[in-house]
>>> print(open('target.txt').read())   # compact mmCIF, N, CA and C atoms
# COMPACT_ATOMS: atom_id res chain seq x y z
N MET A 1 4.46 -20.02 2.30
CA MET A 1 4.93 -18.69 2.63
C MET A 1 5.58 -18.05 1.41
N GLU A 2 6.36 -18.80 0.65
CA GLU A 2 7.03 -18.27 -0.52
C GLU A 2 6.01 -17.84 -1.57
N GLY A 3 4.96 -18.62 -1.70
CA GLY A 3 3.91 -18.29 -2.65
C GLY A 3 3.20 -17.00 -2.28
N LEU A 4 2.96 -16.80 -0.99
CA LEU A 4 2.30 -15.59 -0.53
C LEU A 4 3.17 -14.37 -0.81
N LEU A 5 4.45 -14.53 -0.63
CA LEU A 5 5.38 -13.43 -0.89
C LEU A 5 5.33 -13.04 -2.36
N LYS A 6 5.25 -14.04 -3.22
CA LYS A 6 5.20 -13.76 -4.65
C LYS A 6 3.92 -13.01 -5.01
N LEU A 7 2.83 -13.40 -4.40
CA LEU A 7 1.56 -12.74 -4.69
C LEU A 7 1.61 -11.28 -4.28
N SER A 8 2.13 -11.04 -3.12
CA SER A 8 2.23 -9.66 -2.64
C SER A 8 3.08 -8.85 -3.60
N THR A 9 4.10 -9.48 -4.11
CA THR A 9 4.99 -8.80 -5.04
C THR A 9 4.23 -8.37 -6.28
N ILE A 10 3.37 -9.21 -6.79
CA ILE A 10 2.62 -8.88 -7.99
C ILE A 10 1.74 -7.66 -7.75
N VAL A 11 1.11 -7.61 -6.63
CA VAL A 11 0.22 -6.49 -6.31
C VAL A 11 1.01 -5.19 -6.31
N ILE A 12 2.14 -5.20 -5.71
CA ILE A 12 2.93 -3.97 -5.59
C ILE A 12 3.52 -3.56 -6.92
N VAL A 13 3.87 -4.53 -7.73
CA VAL A 13 4.42 -4.20 -9.04
C VAL A 13 3.41 -3.37 -9.82
N CYS A 14 2.18 -3.75 -9.75
CA CYS A 14 1.15 -3.00 -10.47
C CYS A 14 1.07 -1.57 -9.96
N MET A 15 1.32 -1.38 -8.69
CA MET A 15 1.29 -0.04 -8.13
C MET A 15 2.45 0.80 -8.66
N LEU A 16 3.53 0.15 -9.00
CA LEU A 16 4.70 0.86 -9.46
C LEU A 16 4.51 1.46 -10.83
N VAL A 17 3.57 0.95 -11.55
CA VAL A 17 3.36 1.40 -12.91
C VAL A 17 3.08 2.89 -12.99
N SER A 18 2.57 3.49 -11.97
CA SER A 18 2.19 4.89 -12.05
C SER A 18 3.32 5.86 -11.72
N ALA A 19 4.51 5.37 -11.44
CA ALA A 19 5.63 6.25 -11.10
C ALA A 19 6.20 6.91 -12.36
N PRO A 20 7.03 7.94 -12.20
CA PRO A 20 7.64 8.63 -13.34
C PRO A 20 8.51 7.72 -14.20
N MET A 21 8.77 8.13 -15.45
CA MET A 21 9.51 7.30 -16.39
C MET A 21 11.00 7.62 -16.43
N SER A 22 11.78 6.63 -16.89
CA SER A 22 13.22 6.79 -17.12
C SER A 22 13.64 5.74 -18.14
N SER A 23 14.89 5.29 -18.16
CA SER A 23 15.31 4.42 -19.24
C SER A 23 15.66 2.98 -18.85
N GLU A 24 16.22 2.73 -17.72
CA GLU A 24 16.73 1.41 -17.40
C GLU A 24 16.07 0.83 -16.15
N ALA A 25 15.63 -0.43 -16.25
CA ALA A 25 14.97 -1.08 -15.11
C ALA A 25 16.00 -1.44 -14.05
N ALA A 26 15.73 -1.04 -12.83
CA ALA A 26 16.64 -1.32 -11.73
C ALA A 26 15.99 -2.18 -10.66
N ILE A 27 14.71 -2.47 -10.80
CA ILE A 27 13.98 -3.23 -9.79
C ILE A 27 14.06 -4.72 -10.10
N SER A 28 14.39 -5.48 -9.08
CA SER A 28 14.44 -6.94 -9.23
C SER A 28 13.24 -7.56 -8.54
N CYS A 29 12.94 -8.81 -8.90
CA CYS A 29 11.85 -9.51 -8.24
C CYS A 29 12.16 -9.70 -6.75
N GLY A 30 13.43 -9.82 -6.42
CA GLY A 30 13.82 -9.93 -5.02
C GLY A 30 13.47 -8.67 -4.24
N ALA A 31 13.69 -7.51 -4.85
CA ALA A 31 13.34 -6.24 -4.20
C ALA A 31 11.83 -6.12 -4.04
N VAL A 32 11.10 -6.53 -5.04
CA VAL A 32 9.64 -6.49 -4.97
C VAL A 32 9.16 -7.40 -3.84
N ALA A 33 9.70 -8.60 -3.81
CA ALA A 33 9.30 -9.58 -2.79
C ALA A 33 9.65 -9.09 -1.39
N SER A 34 10.82 -8.52 -1.22
CA SER A 34 11.21 -8.08 0.12
C SER A 34 10.35 -6.90 0.59
N ASN A 35 9.92 -6.06 -0.33
CA ASN A 35 9.08 -4.93 0.05
C ASN A 35 7.63 -5.34 0.34
N LEU A 36 7.19 -6.42 -0.26
CA LEU A 36 5.81 -6.84 -0.09
C LEU A 36 5.63 -8.02 0.86
N GLY A 37 6.71 -8.53 1.38
CA GLY A 37 6.65 -9.71 2.23
C GLY A 37 5.70 -9.61 3.40
N GLN A 38 5.60 -8.44 4.00
CA GLN A 38 4.72 -8.30 5.17
C GLN A 38 3.25 -8.19 4.80
N CYS A 39 2.95 -8.22 3.51
CA CYS A 39 1.56 -8.13 3.04
C CYS A 39 0.94 -9.51 2.83
N ILE A 40 1.72 -10.54 2.83
CA ILE A 40 1.24 -11.86 2.43
C ILE A 40 0.10 -12.37 3.30
N ASN A 41 0.23 -12.29 4.60
CA ASN A 41 -0.85 -12.78 5.47
C ASN A 41 -2.15 -12.04 5.19
N TYR A 42 -2.07 -10.74 5.01
CA TYR A 42 -3.28 -9.97 4.71
C TYR A 42 -3.87 -10.43 3.37
N LEU A 43 -3.04 -10.60 2.36
CA LEU A 43 -3.53 -10.95 1.03
C LEU A 43 -4.11 -12.36 0.96
N THR A 44 -3.70 -13.22 1.84
CA THR A 44 -4.19 -14.59 1.80
C THR A 44 -5.21 -14.91 2.89
N ARG A 45 -5.10 -14.26 4.03
CA ARG A 45 -5.97 -14.59 5.17
C ARG A 45 -6.89 -13.46 5.59
N GLY A 46 -6.55 -12.23 5.21
CA GLY A 46 -7.37 -11.09 5.61
C GLY A 46 -6.91 -10.51 6.93
N GLY A 47 -7.82 -9.85 7.61
CA GLY A 47 -7.48 -9.20 8.87
C GLY A 47 -7.01 -7.78 8.62
N PHE A 48 -6.12 -7.33 9.48
CA PHE A 48 -5.62 -5.95 9.34
C PHE A 48 -4.37 -5.94 8.47
N ILE A 49 -4.09 -4.78 7.90
CA ILE A 49 -2.89 -4.60 7.07
C ILE A 49 -1.77 -4.13 7.98
N PRO A 50 -0.69 -4.90 8.10
CA PRO A 50 0.42 -4.48 8.95
C PRO A 50 1.05 -3.17 8.45
N ARG A 51 1.51 -2.36 9.37
CA ARG A 51 2.17 -1.11 9.02
C ARG A 51 3.35 -1.37 8.07
N GLY A 52 4.09 -2.44 8.33
CA GLY A 52 5.23 -2.77 7.48
C GLY A 52 4.83 -3.08 6.05
N CYS A 53 3.62 -3.60 5.87
CA CYS A 53 3.11 -3.88 4.52
C CYS A 53 2.97 -2.57 3.75
N CYS A 54 2.27 -1.62 4.34
CA CYS A 54 2.06 -0.33 3.66
C CYS A 54 3.39 0.41 3.45
N SER A 55 4.29 0.29 4.39
CA SER A 55 5.61 0.91 4.21
C SER A 55 6.29 0.31 2.99
N GLY A 56 6.20 -1.00 2.84
CA GLY A 56 6.79 -1.68 1.70
C GLY A 56 6.13 -1.29 0.39
N VAL A 57 4.81 -1.17 0.40
CA VAL A 57 4.07 -0.76 -0.80
C VAL A 57 4.51 0.64 -1.21
N GLN A 58 4.62 1.54 -0.25
CA GLN A 58 5.03 2.92 -0.54
C GLN A 58 6.47 2.98 -1.03
N ARG A 59 7.34 2.18 -0.41
CA ARG A 59 8.74 2.14 -0.81
C ARG A 59 8.87 1.62 -2.25
N LEU A 60 8.15 0.55 -2.55
CA LEU A 60 8.20 -0.03 -3.89
C LEU A 60 7.68 0.97 -4.92
N HIS A 61 6.61 1.65 -4.59
CA HIS A 61 6.05 2.66 -5.50
C HIS A 61 7.10 3.75 -5.78
N SER A 62 7.82 4.16 -4.77
CA SER A 62 8.85 5.18 -4.94
C SER A 62 10.03 4.67 -5.76
N MET A 63 10.32 3.39 -5.64
CA MET A 63 11.45 2.80 -6.37
C MET A 63 11.19 2.69 -7.87
N ALA A 64 9.94 2.55 -8.25
CA ALA A 64 9.58 2.33 -9.66
C ALA A 64 9.50 3.67 -10.38
N ARG A 65 10.64 4.16 -10.77
CA ARG A 65 10.70 5.50 -11.36
C ARG A 65 10.58 5.50 -12.87
N THR A 66 10.93 4.41 -13.50
CA THR A 66 10.89 4.36 -14.96
C THR A 66 9.80 3.41 -15.44
N THR A 67 9.48 3.54 -16.71
CA THR A 67 8.50 2.63 -17.30
C THR A 67 8.99 1.19 -17.17
N ARG A 68 10.26 0.98 -17.44
CA ARG A 68 10.81 -0.38 -17.34
C ARG A 68 10.75 -0.91 -15.92
N ASP A 69 10.99 -0.06 -14.93
CA ASP A 69 10.86 -0.47 -13.52
C ASP A 69 9.44 -0.92 -13.23
N ARG A 70 8.48 -0.12 -13.65
CA ARG A 70 7.08 -0.44 -13.37
C ARG A 70 6.65 -1.73 -14.08
N GLN A 71 7.10 -1.89 -15.31
CA GLN A 71 6.76 -3.11 -16.05
C GLN A 71 7.39 -4.34 -15.40
N GLN A 72 8.64 -4.22 -14.98
CA GLN A 72 9.32 -5.34 -14.32
C GLN A 72 8.65 -5.68 -13.00
N ALA A 73 8.31 -4.68 -12.23
CA ALA A 73 7.62 -4.91 -10.96
C ALA A 73 6.30 -5.62 -11.20
N CYS A 74 5.59 -5.21 -12.22
CA CYS A 74 4.31 -5.84 -12.58
C CYS A 74 4.53 -7.32 -12.88
N ARG A 75 5.53 -7.63 -13.67
CA ARG A 75 5.82 -9.03 -14.01
C ARG A 75 6.16 -9.85 -12.78
N CYS A 76 6.94 -9.26 -11.88
CA CYS A 76 7.30 -9.95 -10.63
C CYS A 76 6.06 -10.24 -9.79
N ILE A 77 5.20 -9.26 -9.68
CA ILE A 77 3.98 -9.42 -8.90
C ILE A 77 3.08 -10.48 -9.53
N GLN A 78 2.95 -10.47 -10.84
CA GLN A 78 2.11 -11.48 -11.50
C GLN A 78 2.67 -12.88 -11.30
N GLY A 79 3.97 -13.02 -11.35
CA GLY A 79 4.58 -14.32 -11.10
C GLY A 79 4.31 -14.80 -9.68
N ALA A 80 4.38 -13.90 -8.75
CA ALA A 80 4.10 -14.25 -7.35
C ALA A 80 2.64 -14.63 -7.18
N ALA A 81 1.76 -13.92 -7.84
CA ALA A 81 0.33 -14.22 -7.74
C ALA A 81 0.03 -15.60 -8.30
N ARG A 82 0.66 -15.94 -9.41
CA ARG A 82 0.47 -17.28 -9.98
C ARG A 82 0.95 -18.35 -9.01
N ALA A 83 2.04 -18.08 -8.34
CA ALA A 83 2.58 -19.05 -7.39
C ALA A 83 1.63 -19.23 -6.20
N LEU A 84 0.97 -18.18 -5.79
CA LEU A 84 0.04 -18.27 -4.67
C LEU A 84 -1.26 -18.96 -5.06
N GLY A 85 -1.61 -18.84 -6.31
CA GLY A 85 -2.81 -19.51 -6.79
C GLY A 85 -4.07 -19.07 -6.07
N SER A 86 -4.88 -20.04 -5.67
CA SER A 86 -6.18 -19.75 -5.07
C SER A 86 -6.07 -19.18 -3.65
N ARG A 87 -4.88 -19.22 -3.05
CA ARG A 87 -4.73 -18.65 -1.71
C ARG A 87 -4.81 -17.13 -1.73
N LEU A 88 -4.51 -16.54 -2.86
CA LEU A 88 -4.55 -15.08 -2.99
C LEU A 88 -5.99 -14.60 -3.12
N ASN A 89 -6.31 -13.57 -2.39
CA ASN A 89 -7.64 -12.96 -2.48
C ASN A 89 -7.54 -11.77 -3.42
N PRO A 90 -8.08 -11.88 -4.64
CA PRO A 90 -7.94 -10.81 -5.63
C PRO A 90 -8.52 -9.48 -5.18
N GLY A 91 -9.60 -9.51 -4.43
CA GLY A 91 -10.20 -8.26 -3.95
C GLY A 91 -9.28 -7.52 -3.00
N ARG A 92 -8.67 -8.24 -2.06
CA ARG A 92 -7.74 -7.59 -1.13
C ARG A 92 -6.53 -7.06 -1.88
N ALA A 93 -6.06 -7.82 -2.88
CA ALA A 93 -4.91 -7.38 -3.67
C ALA A 93 -5.25 -6.08 -4.41
N ALA A 94 -6.43 -6.02 -4.98
CA ALA A 94 -6.84 -4.83 -5.74
C ALA A 94 -6.99 -3.61 -4.85
N ARG A 95 -7.40 -3.82 -3.60
CA ARG A 95 -7.62 -2.69 -2.68
C ARG A 95 -6.36 -2.27 -1.92
N LEU A 96 -5.32 -3.08 -1.95
CA LEU A 96 -4.13 -2.80 -1.15
C LEU A 96 -3.49 -1.45 -1.43
N PRO A 97 -3.26 -1.05 -2.69
CA PRO A 97 -2.64 0.27 -2.91
C PRO A 97 -3.42 1.40 -2.25
N GLY A 98 -4.71 1.44 -2.46
CA GLY A 98 -5.54 2.50 -1.87
C GLY A 98 -5.52 2.46 -0.35
N ALA A 99 -5.57 1.25 0.19
CA ALA A 99 -5.55 1.10 1.65
C ALA A 99 -4.24 1.62 2.23
N CYS A 100 -3.19 1.56 1.43
CA CYS A 100 -1.86 2.04 1.86
C CYS A 100 -1.59 3.46 1.38
N ARG A 101 -2.63 4.12 0.87
CA ARG A 101 -2.54 5.50 0.41
C ARG A 101 -1.55 5.71 -0.72
N VAL A 102 -1.56 4.75 -1.63
CA VAL A 102 -0.74 4.85 -2.84
C VAL A 102 -1.70 4.90 -4.02
N ARG A 103 -1.57 5.93 -4.84
CA ARG A 103 -2.46 6.10 -5.99
C ARG A 103 -1.78 5.55 -7.23
N ILE A 104 -2.52 4.67 -7.92
CA ILE A 104 -2.05 4.15 -9.19
C ILE A 104 -3.16 4.32 -10.21
N SER A 105 -2.79 4.39 -11.47
CA SER A 105 -3.77 4.70 -12.52
C SER A 105 -4.28 3.47 -13.25
N TYR A 106 -4.03 2.30 -12.76
CA TYR A 106 -4.44 1.07 -13.43
C TYR A 106 -4.96 0.10 -12.38
N PRO A 107 -5.75 -0.86 -12.81
CA PRO A 107 -6.28 -1.84 -11.85
C PRO A 107 -5.24 -2.89 -11.47
N ILE A 108 -5.31 -3.35 -10.25
CA ILE A 108 -4.48 -4.46 -9.81
C ILE A 108 -5.26 -5.72 -10.16
N SER A 109 -4.77 -6.44 -11.15
CA SER A 109 -5.49 -7.60 -11.65
C SER A 109 -4.53 -8.55 -12.34
N ALA A 110 -4.86 -9.82 -12.35
CA ALA A 110 -4.06 -10.82 -13.07
C ALA A 110 -4.13 -10.55 -14.57
N ARG A 111 -5.14 -9.83 -15.00
CA ARG A 111 -5.32 -9.54 -16.44
C ARG A 111 -4.58 -8.28 -16.89
N THR A 112 -3.93 -7.59 -15.98
CA THR A 112 -3.20 -6.38 -16.34
C THR A 112 -2.08 -6.75 -17.29
N ASN A 113 -1.99 -6.05 -18.42
CA ASN A 113 -0.92 -6.28 -19.39
C ASN A 113 0.26 -5.40 -18.97
N CYS A 114 1.28 -6.01 -18.41
CA CYS A 114 2.44 -5.27 -17.90
C CYS A 114 3.14 -4.48 -18.98
N ASN A 115 3.07 -4.94 -20.23
CA ASN A 115 3.73 -4.23 -21.33
C ASN A 115 3.07 -2.90 -21.65
N ASN A 116 1.82 -2.73 -21.23
CA ASN A 116 1.11 -1.47 -21.49
C ASN A 116 1.29 -0.44 -20.41
N ILE A 117 1.99 -0.79 -19.35
CA ILE A 117 2.20 0.12 -18.23
C ILE A 117 3.24 1.16 -18.63
N ARG A 118 2.95 2.38 -18.36
CA ARG A 118 3.87 3.49 -18.70
C ARG A 118 4.27 4.17 -17.47
>>> encode(input="target.txt", output="C-alpha cells")
Amino acid sequence: MEGLLKLSTIVIVCMLVSAPMSSEAAISCGAVASNLGQCINYLTRGGFIPRGCCSGVQRLHSMARTTRDRQQACRCIQGAARALGSRLNPGRAARLPGACRVRISYPISARTNCNNIR
C-alpha cells in the first residue's frame, strides 16, 4: 500500500510542473502522497478512477505554484513510482492527469527530468 501511494505521488508531481512560478518550494512528499493516496488502486490494478483521486490530483496541481514546488512534487512522485516498481502501470499513470481534467505540458514518465520542469 505504501508503495502504491508513492507511485501516485510521482504521477501528480509531474502534473504540478505546469503551474505558475514563484520562489520557494512549499510542497512536501507527505502532501503529495496524501493528495494522491486515493489513486493507488487505479494506478496498480485499474478499474475506475475514484472521485477522491481526481480531487487530489486537482488539489496538488493547484498547490504547485512555483517552479520549485513543481520540481519537488515531481521528485516525490518519481520516488513513489520507484517504490511501487512493476506494480505501477505506466500507461494509467500517464493518462491520469487528463482523465482528471488537469492539463500539463510535459509527459508523465519515469524519464521526466524534474530539474527541467518550469
>>> closest_residue(input="target.txt", among="A:Arg111, A:Arg103, A:Arg118, A:Arg92", to="Ile40 in chain A", atoms="only C-alpha atoms")
A:Arg92
>>> select_by_dssp(input="target.txt", residues="range 4-116 of chain A", states="alpha helix (DSSP H)", output="PyMOL selection string")
chain A and resi 4-16+29-36+40-45+51-63+67-84+90-99
>>> atom_distance(input="target.txt", atom1="CA of Ala94 in chain A", atom2="CA of Asn41 in chain A")
15.0 Å
>>> atom_distance(input="target.txt", atom1="CA of Ser109 in chain A", atom2="atom C of Pro90 in chain A")
7.4 Å
>>> atom_distance(input="target.txt", atom1="CA of Ser55 in chain A", atom2="CA of Thr112 in chain A")
23.5 Å
>>> residues_around(input="target.txt", residues="Gly52 in chain A", least_positions_apart="6", cutoff="7 Å", atoms="all atoms listed in the file", output="PyMOL selection string")
chain A and resi 35+38-39
>>> closest_residue(input="target.txt", among="A:Val102, A:Leu96, A:Leu43, A:Cys53", to="Leu84 in chain A", atoms="only C-alpha atoms")
A:Leu43
>>> closest_residue(input="target.txt", among="A:Gln71, A:Gly37, A:Ile27, A:Arg51", to="Asn116 in chain A", atoms="only N, CA and C atoms")
A:Gln71
>>> decode(input="target.txt", residues="range 68-79 of chain A", atoms="all heavy atoms", output="compact mmCIF listing (two decimals), in the first residue's frame")
# COMPACT_ATOMS: atom_id res chain seq x y z
N ARG A 68 9.91 25.58 -8.11
CA ARG A 68 10.46 24.68 -7.09
C ARG A 68 9.40 23.72 -6.56
O ARG A 68 9.71 22.56 -6.28
CB ARG A 68 11.07 25.50 -5.95
CG ARG A 68 12.32 26.26 -6.42
CD ARG A 68 12.93 27.06 -5.33
NE ARG A 68 13.67 26.15 -4.46
CZ ARG A 68 14.28 26.51 -3.35
NH1 ARG A 68 14.23 27.76 -2.96
NH2 ARG A 68 14.93 25.63 -2.63
N ASP A 69 8.17 24.17 -6.41
CA ASP A 69 7.08 23.29 -5.98
C ASP A 69 6.89 22.16 -6.99
O ASP A 69 6.77 20.99 -6.63
CB ASP A 69 5.75 24.05 -5.88
CG ASP A 69 5.65 24.96 -4.68
OD1 ASP A 69 6.41 24.78 -3.72
OD2 ASP A 69 4.78 25.86 -4.72
N ARG A 70 6.83 22.52 -8.26
CA ARG A 70 6.61 21.53 -9.30
C ARG A 70 7.76 20.53 -9.39
O ARG A 70 7.55 19.33 -9.55
CB ARG A 70 6.35 22.22 -10.64
CG ARG A 70 5.03 22.99 -10.66
CD ARG A 70 4.72 23.59 -12.00
NE ARG A 70 5.61 24.68 -12.36
CZ ARG A 70 5.47 25.95 -11.96
NH1 ARG A 70 4.45 26.28 -11.18
NH2 ARG A 70 6.32 26.87 -12.36
N GLN A 71 8.97 21.04 -9.25
CA GLN A 71 10.14 20.15 -9.30
C GLN A 71 10.14 19.20 -8.09
O GLN A 71 10.43 18.01 -8.23
CB GLN A 71 11.43 20.96 -9.34
CG GLN A 71 11.63 21.68 -10.66
CD GLN A 71 12.81 22.63 -10.65
OE1 GLN A 71 13.33 23.02 -9.60
NE2 GLN A 71 13.25 23.03 -11.84
N GLN A 72 9.82 19.72 -6.92
CA GLN A 72 9.78 18.88 -5.72
C GLN A 72 8.68 17.83 -5.83
O GLN A 72 8.88 16.67 -5.48
CB GLN A 72 9.56 19.74 -4.47
CG GLN A 72 9.43 18.94 -3.19
CD GLN A 72 10.69 18.14 -2.84
OE1 GLN A 72 11.78 18.42 -3.31
NE2 GLN A 72 10.53 17.13 -2.01
N ALA A 73 7.52 18.23 -6.30
CA ALA A 73 6.43 17.27 -6.48
C ALA A 73 6.84 16.18 -7.45
O ALA A 73 6.57 14.99 -7.23
CB ALA A 73 5.18 17.99 -6.97
N CYS A 74 7.52 16.54 -8.51
CA CYS A 74 8.00 15.57 -9.50
C CYS A 74 8.93 14.57 -8.83
O CYS A 74 8.81 13.36 -9.03
CB CYS A 74 8.71 16.31 -10.64
SG CYS A 74 9.41 15.24 -11.91
N ARG A 75 9.86 15.05 -8.03
CA ARG A 75 10.80 14.16 -7.34
C ARG A 75 10.07 13.21 -6.39
O ARG A 75 10.41 12.03 -6.29
CB ARG A 75 11.84 14.98 -6.59
CG ARG A 75 12.82 15.68 -7.49
CD ARG A 75 13.87 16.47 -6.70
NE ARG A 75 14.57 17.36 -7.60
CZ ARG A 75 14.37 18.67 -7.69
NH1 ARG A 75 13.50 19.26 -6.90
NH2 ARG A 75 15.05 19.39 -8.56
N CYS A 76 9.08 13.73 -5.69
CA CYS A 76 8.30 12.89 -4.77
C CYS A 76 7.56 11.80 -5.53
O CYS A 76 7.54 10.64 -5.12
CB CYS A 76 7.30 13.75 -3.99
SG CYS A 76 8.03 14.93 -2.85
N ILE A 77 6.97 12.17 -6.64
CA ILE A 77 6.23 11.20 -7.45
C ILE A 77 7.17 10.14 -8.01
O ILE A 77 6.86 8.96 -8.01
CB ILE A 77 5.46 11.91 -8.58
CG1 ILE A 77 4.30 12.69 -7.97
CG2 ILE A 77 4.96 10.91 -9.61
CD1 ILE A 77 3.56 13.57 -8.95
N GLN A 78 8.33 10.56 -8.49
CA GLN A 78 9.29 9.59 -9.02
C GLN A 78 9.77 8.62 -7.94
O GLN A 78 9.93 7.43 -8.21
CB GLN A 78 10.46 10.29 -9.69
CG GLN A 78 10.06 10.89 -11.02
CD GLN A 78 11.21 11.52 -11.76
OE1 GLN A 78 12.20 11.94 -11.16
NE2 GLN A 78 11.08 11.61 -13.07
N GLY A 79 9.98 9.12 -6.75
CA GLY A 79 10.38 8.24 -5.65
C GLY A 79 9.30 7.23 -5.33
O GLY A 79 9.58 6.05 -5.09
